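data.txt (compact mmCIF, N, CA and C atoms) appears below.
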# COMPACT_ATOMS: atom_id res chain seq x y z
N MET A 1 0.86 -1.17 0.00
CA MET A 1 0.00 0.00 0.00
C MET A 1 0.91 1.23 0.00
N THR A 2 0.63 2.16 -0.87
CA THR A 2 1.47 3.35 -0.97
C THR A 2 0.75 4.61 -0.55
N ASP A 3 -0.57 4.57 -0.50
CA ASP A 3 -1.33 5.78 -0.18
C ASP A 3 -1.89 5.71 1.23
N ALA A 4 -1.86 6.87 1.91
CA ALA A 4 -2.50 6.98 3.21
C ALA A 4 -4.01 6.88 3.01
N ARG A 5 -4.69 6.34 4.00
CA ARG A 5 -6.15 6.21 3.94
C ARG A 5 -6.77 6.85 5.16
N HIS A 6 -7.88 7.52 4.99
CA HIS A 6 -8.66 8.08 6.09
C HIS A 6 -9.97 7.31 6.13
N LEU A 7 -10.20 6.60 7.22
CA LEU A 7 -11.38 5.74 7.33
C LEU A 7 -12.22 6.15 8.52
N LYS A 8 -13.49 5.77 8.50
CA LYS A 8 -14.40 6.03 9.61
C LYS A 8 -15.02 4.70 10.04
N TRP A 9 -14.96 4.40 11.35
CA TRP A 9 -15.56 3.17 11.85
C TRP A 9 -17.01 3.08 11.39
N SER A 10 -17.71 4.20 11.40
CA SER A 10 -19.14 4.20 11.06
C SER A 10 -19.41 3.78 9.62
N GLU A 11 -18.38 3.81 8.78
CA GLU A 11 -18.55 3.46 7.37
C GLU A 11 -17.97 2.09 7.00
N LEU A 12 -17.34 1.43 7.96
CA LEU A 12 -16.73 0.13 7.67
C LEU A 12 -17.75 -1.00 7.78
N ALA A 13 -17.55 -2.03 6.97
CA ALA A 13 -18.42 -3.21 7.01
C ALA A 13 -18.27 -3.92 8.36
N THR A 14 -19.36 -4.52 8.81
CA THR A 14 -19.37 -5.30 10.05
C THR A 14 -19.62 -6.75 9.69
N ASP A 15 -18.80 -7.66 10.24
CA ASP A 15 -19.09 -9.09 10.04
C ASP A 15 -19.38 -9.73 11.39
N ARG A 16 -19.96 -10.91 11.33
CA ARG A 16 -20.36 -11.67 12.53
C ARG A 16 -19.88 -13.10 12.34
N PRO A 17 -18.57 -13.35 12.62
CA PRO A 17 -18.01 -14.67 12.33
C PRO A 17 -18.47 -15.78 13.27
N MET A 18 -19.04 -15.41 14.42
CA MET A 18 -19.56 -16.37 15.40
C MET A 18 -20.75 -15.71 16.09
N PRO A 19 -21.56 -16.50 16.80
CA PRO A 19 -22.62 -15.88 17.59
C PRO A 19 -22.03 -14.94 18.66
N LEU A 20 -22.74 -13.87 18.95
CA LEU A 20 -22.41 -12.91 20.01
C LEU A 20 -21.16 -12.08 19.73
N ILE A 21 -20.78 -11.92 18.45
CA ILE A 21 -19.64 -11.09 18.12
C ILE A 21 -19.93 -10.29 16.86
N GLU A 22 -19.55 -9.01 16.90
CA GLU A 22 -19.59 -8.14 15.73
C GLU A 22 -18.20 -7.55 15.58
N ARG A 23 -17.70 -7.48 14.35
CA ARG A 23 -16.32 -7.05 14.14
C ARG A 23 -16.21 -6.17 12.91
N GLN A 24 -15.37 -5.14 13.03
CA GLN A 24 -14.98 -4.30 11.91
C GLN A 24 -13.45 -4.32 11.87
N ARG A 25 -12.88 -4.36 10.66
CA ARG A 25 -11.43 -4.48 10.55
C ARG A 25 -10.84 -3.49 9.56
N VAL A 26 -9.63 -3.07 9.88
CA VAL A 26 -8.80 -2.31 8.96
C VAL A 26 -7.51 -3.10 8.81
N ILE A 27 -7.21 -3.51 7.59
CA ILE A 27 -6.04 -4.35 7.33
C ILE A 27 -5.05 -3.54 6.49
N ALA A 28 -3.84 -3.37 7.03
CA ALA A 28 -2.77 -2.67 6.33
C ALA A 28 -1.68 -3.68 5.97
N ASP A 29 -0.56 -3.20 5.51
CA ASP A 29 0.53 -4.09 5.09
C ASP A 29 1.16 -4.83 6.27
N GLU A 30 1.38 -4.15 7.38
CA GLU A 30 2.15 -4.72 8.49
C GLU A 30 1.35 -4.96 9.76
N MET A 31 0.12 -4.47 9.82
CA MET A 31 -0.70 -4.68 11.01
C MET A 31 -2.17 -4.61 10.66
N MET A 32 -2.98 -5.01 11.64
CA MET A 32 -4.43 -5.02 11.47
C MET A 32 -5.05 -4.59 12.79
N ILE A 33 -6.11 -3.79 12.70
CA ILE A 33 -6.87 -3.43 13.90
C ILE A 33 -8.32 -3.82 13.68
N SER A 34 -8.92 -4.37 14.71
CA SER A 34 -10.33 -4.76 14.66
C SER A 34 -11.05 -4.11 15.82
N ARG A 35 -12.21 -3.55 15.55
CA ARG A 35 -13.10 -3.09 16.63
C ARG A 35 -14.11 -4.20 16.81
N VAL A 36 -14.15 -4.75 18.02
CA VAL A 36 -14.93 -5.96 18.27
C VAL A 36 -15.90 -5.73 19.43
N ARG A 37 -17.16 -6.04 19.19
CA ARG A 37 -18.17 -5.99 20.25
C ARG A 37 -18.55 -7.43 20.58
N LEU A 38 -18.34 -7.80 21.84
CA LEU A 38 -18.68 -9.14 22.31
C LEU A 38 -19.94 -9.06 23.17
N GLY A 39 -20.91 -9.90 22.88
CA GLY A 39 -22.08 -9.99 23.73
C GLY A 39 -21.78 -10.79 24.98
N ALA A 40 -22.49 -10.49 26.07
CA ALA A 40 -22.30 -11.25 27.30
C ALA A 40 -22.49 -12.73 27.02
N GLY A 41 -21.58 -13.55 27.50
CA GLY A 41 -21.65 -14.99 27.28
C GLY A 41 -20.86 -15.48 26.08
N PHE A 42 -20.29 -14.57 25.27
CA PHE A 42 -19.45 -14.98 24.15
C PHE A 42 -18.30 -15.84 24.68
N GLU A 43 -18.03 -16.96 24.00
CA GLU A 43 -16.92 -17.83 24.39
C GLU A 43 -16.11 -18.21 23.16
N LEU A 44 -14.81 -18.08 23.29
CA LEU A 44 -13.88 -18.49 22.25
C LEU A 44 -12.94 -19.52 22.85
N ALA A 45 -12.94 -20.71 22.28
CA ALA A 45 -12.11 -21.81 22.78
C ALA A 45 -10.63 -21.47 22.65
N SER A 46 -9.83 -22.16 23.41
CA SER A 46 -8.39 -21.93 23.37
C SER A 46 -7.85 -22.16 21.95
N HIS A 47 -6.99 -21.25 21.54
CA HIS A 47 -6.38 -21.31 20.22
C HIS A 47 -5.07 -20.53 20.29
N HIS A 48 -4.30 -20.57 19.24
CA HIS A 48 -3.08 -19.77 19.15
C HIS A 48 -2.85 -19.44 17.69
N HIS A 49 -2.04 -18.42 17.47
CA HIS A 49 -1.74 -17.99 16.11
C HIS A 49 -0.37 -17.34 16.09
N ALA A 50 0.22 -17.29 14.92
CA ALA A 50 1.56 -16.74 14.76
C ALA A 50 1.58 -15.23 14.97
N ASN A 51 0.44 -14.57 14.85
CA ASN A 51 0.38 -13.13 15.01
C ASN A 51 0.59 -12.73 16.47
N GLU A 52 1.29 -11.62 16.69
CA GLU A 52 1.24 -10.97 17.99
C GLU A 52 -0.13 -10.29 18.07
N GLN A 53 -0.69 -10.22 19.26
CA GLN A 53 -2.00 -9.61 19.44
C GLN A 53 -1.98 -8.72 20.67
N ILE A 54 -2.54 -7.53 20.53
CA ILE A 54 -2.75 -6.64 21.68
C ILE A 54 -4.24 -6.40 21.78
N VAL A 55 -4.80 -6.67 22.96
CA VAL A 55 -6.23 -6.50 23.22
C VAL A 55 -6.39 -5.26 24.09
N VAL A 56 -7.09 -4.26 23.58
CA VAL A 56 -7.35 -3.03 24.32
C VAL A 56 -8.84 -3.04 24.68
N VAL A 57 -9.15 -3.12 25.97
CA VAL A 57 -10.54 -3.17 26.39
C VAL A 57 -11.03 -1.73 26.59
N LEU A 58 -12.02 -1.34 25.79
CA LEU A 58 -12.58 0.01 25.91
C LEU A 58 -13.67 0.06 26.96
N SER A 59 -14.48 -1.00 27.03
CA SER A 59 -15.53 -1.09 28.05
C SER A 59 -15.91 -2.55 28.21
N GLY A 60 -16.49 -2.87 29.36
CA GLY A 60 -16.93 -4.24 29.61
C GLY A 60 -15.92 -5.03 30.42
N ARG A 61 -16.09 -6.37 30.36
CA ARG A 61 -15.28 -7.26 31.20
C ARG A 61 -15.19 -8.64 30.55
N CYS A 62 -13.95 -9.15 30.45
CA CYS A 62 -13.69 -10.47 29.86
C CYS A 62 -12.75 -11.27 30.75
N ARG A 63 -12.84 -12.58 30.61
CA ARG A 63 -11.89 -13.47 31.27
C ARG A 63 -11.09 -14.18 30.19
N PHE A 64 -9.78 -14.11 30.29
CA PHE A 64 -8.88 -14.80 29.37
C PHE A 64 -8.14 -15.89 30.13
N THR A 65 -8.01 -17.06 29.52
CA THR A 65 -7.11 -18.10 30.01
C THR A 65 -5.89 -18.05 29.12
N LEU A 66 -4.72 -17.97 29.73
CA LEU A 66 -3.46 -17.81 29.02
C LEU A 66 -2.57 -19.01 29.25
N GLY A 67 -2.16 -19.66 28.18
CA GLY A 67 -1.32 -20.84 28.27
C GLY A 67 -2.11 -22.10 27.98
N ALA A 68 -1.36 -23.17 27.83
CA ALA A 68 -1.97 -24.46 27.49
C ALA A 68 -2.56 -25.12 28.73
N GLU A 69 -3.75 -25.71 28.55
CA GLU A 69 -4.39 -26.43 29.64
C GLU A 69 -3.46 -27.52 30.14
N GLY A 70 -3.34 -27.64 31.45
CA GLY A 70 -2.45 -28.64 32.05
C GLY A 70 -1.04 -28.13 32.30
N ASP A 71 -0.67 -27.03 31.68
CA ASP A 71 0.64 -26.43 31.89
C ASP A 71 0.60 -25.67 33.23
N PRO A 72 1.57 -25.90 34.11
CA PRO A 72 1.56 -25.21 35.40
C PRO A 72 1.60 -23.68 35.27
N ALA A 73 2.06 -23.17 34.14
CA ALA A 73 2.13 -21.73 33.93
C ALA A 73 0.80 -21.15 33.43
N CYS A 74 -0.16 -22.01 33.11
CA CYS A 74 -1.47 -21.55 32.63
C CYS A 74 -2.14 -20.72 33.73
N ARG A 75 -2.73 -19.59 33.33
CA ARG A 75 -3.39 -18.74 34.32
C ARG A 75 -4.60 -18.06 33.70
N THR A 76 -5.46 -17.55 34.55
CA THR A 76 -6.65 -16.84 34.13
C THR A 76 -6.55 -15.40 34.60
N VAL A 77 -6.90 -14.46 33.70
CA VAL A 77 -6.92 -13.05 34.06
C VAL A 77 -8.26 -12.46 33.65
N GLU A 78 -8.74 -11.53 34.45
CA GLU A 78 -9.96 -10.80 34.12
C GLU A 78 -9.53 -9.40 33.71
N ILE A 79 -10.01 -8.96 32.55
CA ILE A 79 -9.65 -7.63 32.08
C ILE A 79 -10.91 -6.80 31.90
N VAL A 80 -10.78 -5.51 32.20
CA VAL A 80 -11.92 -4.59 32.18
C VAL A 80 -11.55 -3.35 31.37
N GLY A 81 -12.54 -2.48 31.15
CA GLY A 81 -12.30 -1.25 30.42
C GLY A 81 -11.09 -0.51 30.97
N GLY A 82 -10.18 -0.13 30.07
CA GLY A 82 -8.95 0.55 30.47
C GLY A 82 -7.76 -0.38 30.53
N ASP A 83 -7.98 -1.70 30.47
CA ASP A 83 -6.89 -2.68 30.52
C ASP A 83 -6.38 -3.00 29.12
N VAL A 84 -5.13 -3.44 29.07
CA VAL A 84 -4.50 -3.88 27.83
C VAL A 84 -3.87 -5.24 28.10
N LEU A 85 -4.07 -6.18 27.20
CA LEU A 85 -3.49 -7.52 27.30
C LEU A 85 -2.60 -7.74 26.09
N VAL A 86 -1.34 -8.10 26.32
CA VAL A 86 -0.39 -8.35 25.23
C VAL A 86 -0.21 -9.86 25.11
N LEU A 87 -0.50 -10.39 23.91
CA LEU A 87 -0.40 -11.82 23.65
C LEU A 87 0.72 -12.05 22.63
N PRO A 88 1.86 -12.57 23.08
CA PRO A 88 2.93 -12.87 22.13
C PRO A 88 2.51 -13.95 21.14
N SER A 89 3.26 -14.08 20.08
CA SER A 89 3.02 -15.08 19.05
C SER A 89 2.92 -16.47 19.65
N ASP A 90 1.93 -17.24 19.21
CA ASP A 90 1.73 -18.65 19.54
C ASP A 90 1.40 -18.96 20.99
N VAL A 91 1.00 -17.97 21.78
CA VAL A 91 0.56 -18.24 23.16
C VAL A 91 -0.89 -18.69 23.11
N PRO A 92 -1.20 -19.89 23.62
CA PRO A 92 -2.59 -20.34 23.65
C PRO A 92 -3.42 -19.41 24.54
N HIS A 93 -4.63 -19.09 24.09
CA HIS A 93 -5.51 -18.24 24.88
C HIS A 93 -6.97 -18.50 24.51
N SER A 94 -7.83 -18.29 25.50
CA SER A 94 -9.28 -18.37 25.29
C SER A 94 -9.90 -17.13 25.90
N CYS A 95 -11.16 -16.87 25.54
CA CYS A 95 -11.82 -15.65 26.03
C CYS A 95 -13.29 -15.93 26.30
N THR A 96 -13.78 -15.37 27.41
CA THR A 96 -15.20 -15.38 27.74
C THR A 96 -15.60 -13.97 28.10
N ALA A 97 -16.64 -13.45 27.43
CA ALA A 97 -17.15 -12.11 27.76
C ALA A 97 -18.11 -12.25 28.94
N LEU A 98 -17.77 -11.61 30.05
CA LEU A 98 -18.59 -11.68 31.26
C LEU A 98 -19.75 -10.68 31.21
N GLU A 99 -19.64 -9.71 30.32
CA GLU A 99 -20.69 -8.74 30.05
C GLU A 99 -20.43 -8.19 28.65
N GLU A 100 -21.33 -7.38 28.12
CA GLU A 100 -21.06 -6.80 26.80
C GLU A 100 -19.74 -6.05 26.88
N THR A 101 -18.87 -6.29 25.90
CA THR A 101 -17.51 -5.76 25.93
C THR A 101 -17.14 -5.21 24.57
N LEU A 102 -16.48 -4.05 24.58
CA LEU A 102 -15.98 -3.43 23.36
C LEU A 102 -14.46 -3.41 23.44
N ILE A 103 -13.82 -4.00 22.44
CA ILE A 103 -12.36 -4.06 22.44
C ILE A 103 -11.80 -3.60 21.09
N LEU A 104 -10.54 -3.22 21.12
CA LEU A 104 -9.75 -3.04 19.91
C LEU A 104 -8.72 -4.14 19.92
N ASP A 105 -8.65 -4.93 18.86
CA ASP A 105 -7.67 -5.99 18.70
C ASP A 105 -6.66 -5.54 17.67
N LEU A 106 -5.40 -5.55 18.01
CA LEU A 106 -4.34 -5.23 17.06
C LEU A 106 -3.54 -6.48 16.79
N PHE A 107 -3.31 -6.79 15.52
CA PHE A 107 -2.58 -7.98 15.11
C PHE A 107 -1.42 -7.58 14.20
N SER A 108 -0.29 -8.21 14.43
CA SER A 108 0.85 -8.06 13.53
C SER A 108 1.54 -9.41 13.43
N PRO A 109 1.78 -9.89 12.22
CA PRO A 109 1.33 -9.32 10.95
C PRO A 109 -0.18 -9.49 10.80
N PRO A 110 -0.75 -8.78 9.84
CA PRO A 110 -2.19 -8.90 9.61
C PRO A 110 -2.54 -10.30 9.09
N SER A 111 -3.80 -10.66 9.28
CA SER A 111 -4.25 -11.97 8.82
C SER A 111 -5.73 -11.88 8.48
N GLU A 112 -6.12 -12.50 7.41
CA GLU A 112 -7.53 -12.54 7.05
C GLU A 112 -8.31 -13.40 8.04
N LYS A 113 -7.62 -14.32 8.71
CA LYS A 113 -8.28 -15.21 9.67
C LYS A 113 -7.66 -15.03 11.05
N THR A 114 -8.53 -15.05 12.07
CA THR A 114 -8.09 -14.98 13.46
C THR A 114 -8.73 -16.15 14.18
N GLY A 115 -8.61 -16.19 15.49
CA GLY A 115 -9.19 -17.28 16.27
C GLY A 115 -10.68 -17.44 16.08
N VAL A 116 -11.40 -16.32 15.92
CA VAL A 116 -12.85 -16.43 15.74
C VAL A 116 -13.22 -16.97 14.36
N ASP A 117 -12.35 -16.82 13.40
CA ASP A 117 -12.63 -17.33 12.06
C ASP A 117 -12.36 -18.82 11.95
N ARG A 118 -11.55 -19.36 12.83
CA ARG A 118 -11.21 -20.78 12.79
C ARG A 118 -12.07 -21.59 13.75
N ALA A 119 -12.83 -20.91 14.60
CA ALA A 119 -13.60 -21.62 15.63
C ALA A 119 -14.76 -22.36 15.01

Now, as a test, write the supplied structure out as structure tokens.
Amino acid sequence: MTDARHLKWSELATDRPMPLIERQRVIADEMMISRVRLGAGFELASHHHANEQIVVVLSGRCRFTLGAEGDPACRTVEIVGGDVLVLPSDVPHSCTALEETLILDLFSPPSEKTGVDRA
């Protein structure tokens, strides 16, 4: 991509790759950002991907399990509006929305598919 782009969230397409999730994405050459609304009760099974991921919680509350099940280092964290979660490449993680939650997901490198697309 050689040209700068000015985009508006209000004009971007919304997809619904799973129940209880709405997503809008901007995909550039080296990174991707998604605005994601999770309905209360949304669950994403443990998965991992080569992309680094940063989860910025704008509002709401989610529970993430980090690490492989059975691994002594596996832990659960609850994140709320104002929190940021950094997920290095290939770290297994799952997510449950404890209430309606709005997040920004940043991925590098960008990918047409994420954990919700493979679920």

Can you list, as an MDAnalysis selection string, every residue of range 22-61 of chain A that DSSP puts in strand (DSSP E)? chainID A and resid 22:27 32:38 43:47 52:59 61

Just want the 12 Å neighbourhood of His6 in chain A, counted on only C-alpha atoms, with same-chain residues fewer than 4 positions away dropped. Output as a PyMOL selection string. chain A and resi 11-12+26

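In this structure, CA of Ser59 in chain A sits 27.8 Å away from CA of Ala73 in chain A.
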
Separation of CA of Gly39 in chain A from CA of Ala97 in chain A, in Å and rounded to one decimal: 6.7 Å

Which protein, DNA or RNA residues are at most 8 Å from (-2.4, -21.3, 29.1) in the file's coordinates when you count all atoms listed in the file, listed as a JSON list (two decimals) with N, CA and C atoms, in the coordinates of the input?
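Result file is out-v5.json:
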[["chain", "number", "residue", "atom", "x", "y", "z"],
["A", 64, "PHE", "N", -9.78, -14.11, 30.29],
["A", 64, "PHE", "CA", -8.88, -14.80, 29.37],
["A", 64, "PHE", "C", -8.14, -15.89, 30.13],
["A", 65, "THR", "N", -8.01, -17.06, 29.52],
["A", 65, "THR", "CA", -7.11, -18.10, 30.01],
["A", 65, "THR", "C", -5.89, -18.05, 29.12],
["A", 66, "LEU", "N", -4.72, -17.97, 29.73],
["A", 66, "LEU", "CA", -3.46, -17.81, 29.02],
["A", 66, "LEU", "C", -2.57, -19.01, 29.25],
["A", 67, "GLY", "N", -2.16, -19.66, 28.18],
["A", 67, "GLY", "CA", -1.32, -20.84, 28.27],
["A", 67, "GLY", "C", -2.11, -22.10, 27.98],
["A", 68, "ALA", "N", -1.36, -23.17, 27.83],
["A", 68, "ALA", "CA", -1.97, -24.46, 27.49],
["A", 68, "ALA", "C", -2.56, -25.12, 28.73],
["A", 69, "GLU", "N", -3.75, -25.71, 28.55],
["A", 69, "GLU", "CA", -4.39, -26.43, 29.64],
["A", 69, "GLU", "C", -3.46, -27.52, 30.14],
["A", 70, "GLY", "N", -3.34, -27.64, 31.45],
["A", 70, "GLY", "CA", -2.45, -28.64, 32.05],
["A", 70, "GLY", "C", -1.04, -28.13, 32.30],
["A", 71, "ASP", "N", -0.67, -27.03, 31.68],
["A", 71, "ASP", "CA", 0.64, -26.43, 31.89],
["A", 71, "ASP", "C", 0.60, -25.67, 33.23],
["A", 72, "PRO", "N", 1.57, -25.90, 34.11],
["A", 72, "PRO", "CA", 1.56, -25.21, 35.40],
["A", 72, "PRO", "C", 1.60, -23.68, 35.27],
["A", 73, "ALA", "N", 2.06, -23.17, 34.14],
["A", 73, "ALA", "CA", 2.13, -21.73, 33.93],
["A", 73, "ALA", "C", 0.80, -21.15, 33.43],
["A", 74, "CYS", "N", -0.16, -22.01, 33.11],
["A", 74, "CYS", "CA", -1.47, -21.55, 32.63],
["A", 74, "CYS", "C", -2.14, -20.72, 33.73],
["A", 75, "ARG", "N", -2.73, -19.59, 33.33],
["A", 75, "ARG", "CA", -3.39, -18.74, 34.32],
["A", 75, "ARG", "C", -4.60, -18.06, 33.70],
["A", 76, "THR", "N", -5.46, -17.55, 34.55],
["A", 76, "THR", "CA", -6.65, -16.84, 34.13],
["A", 76, "THR", "C", -6.55, -15.40, 34.60],
["A", 91, "VAL", "N", 1.00, -17.97, 21.78],
["A", 91, "VAL", "CA", 0.56, -18.24, 23.16],
["A", 91, "VAL", "C", -0.89, -18.69, 23.11],
["A", 92, "PRO", "N", -1.20, -19.89, 23.62],
["A", 92, "PRO", "CA", -2.59, -20.34, 23.65],
["A", 92, "PRO", "C", -3.42, -19.41, 24.54],
["A", 93, "HIS", "N", -4.63, -19.09, 24.09],
["A", 93, "HIS", "CA", -5.51, -18.24, 24.88],
["A", 93, "HIS", "C", -6.97, -18.50, 24.51],
["A", 94, "SER", "N", -7.83, -18.29, 25.50],
["A", 94, "SER", "CA", -9.28, -18.37, 25.29],
["A", 94, "SER", "C", -9.90, -17.13, 25.90]]

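Nearest to Thr101 in chain A of all the residues A:Ala40, A:Ala28, A:Val86, A:Leu20 is A:Ala40, counting all atoms listed in the file.
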
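The space between atom N of Pro19 in chain A and CA of Ser46 in chain A spans 15.7 Å.
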
Quick one: everything within 8 Å of Arg35 in chain A, counting all atoms listed in the file, minus sequence neighbours fewer than 5 positions away in the same chain. Send it as number ranges by chain. A: 22-26, 102-106

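Comparing A:Thr96, A:Ile21, A:Ile33, A:Val84 by their smallest distance to Arg61 in chain A, the closest is A:Thr96 (using only N, CA and C atoms).
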
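Proximity of A:Met32, A:Arg5, A:Gly60, A:Phe42 to Met18 in chain A, computed with only C-alpha atoms, is greatest for A:Phe42.
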
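When the distance limit is 8 Å and only N, CA and C atoms are what count, the residues near range 109-116 of chain A, minus those fewer than 6 positions from it on the same chain, are Arg16, Pro17, Met18, Val26, Ile27, Ala28, Asp29, Glu30, Met31, Met32, Ile33, Leu44, Ala45, Ser46, His47, His48, His49, Ala50, Asn51, Glu52 and Gln53 of chain A.
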
To box range 94-109 of chain A, take all atoms listed in the file, fit an axis-aligned box, add 3 Å on each side, and give centre and edge lengths in Å to one decimal, as AutoDock Vina command-line options.
--center_x -9.8 --center_y -10.7 --center_z 21.0 --size_x 29.1 --size_y 21.3 --size_z 26.5
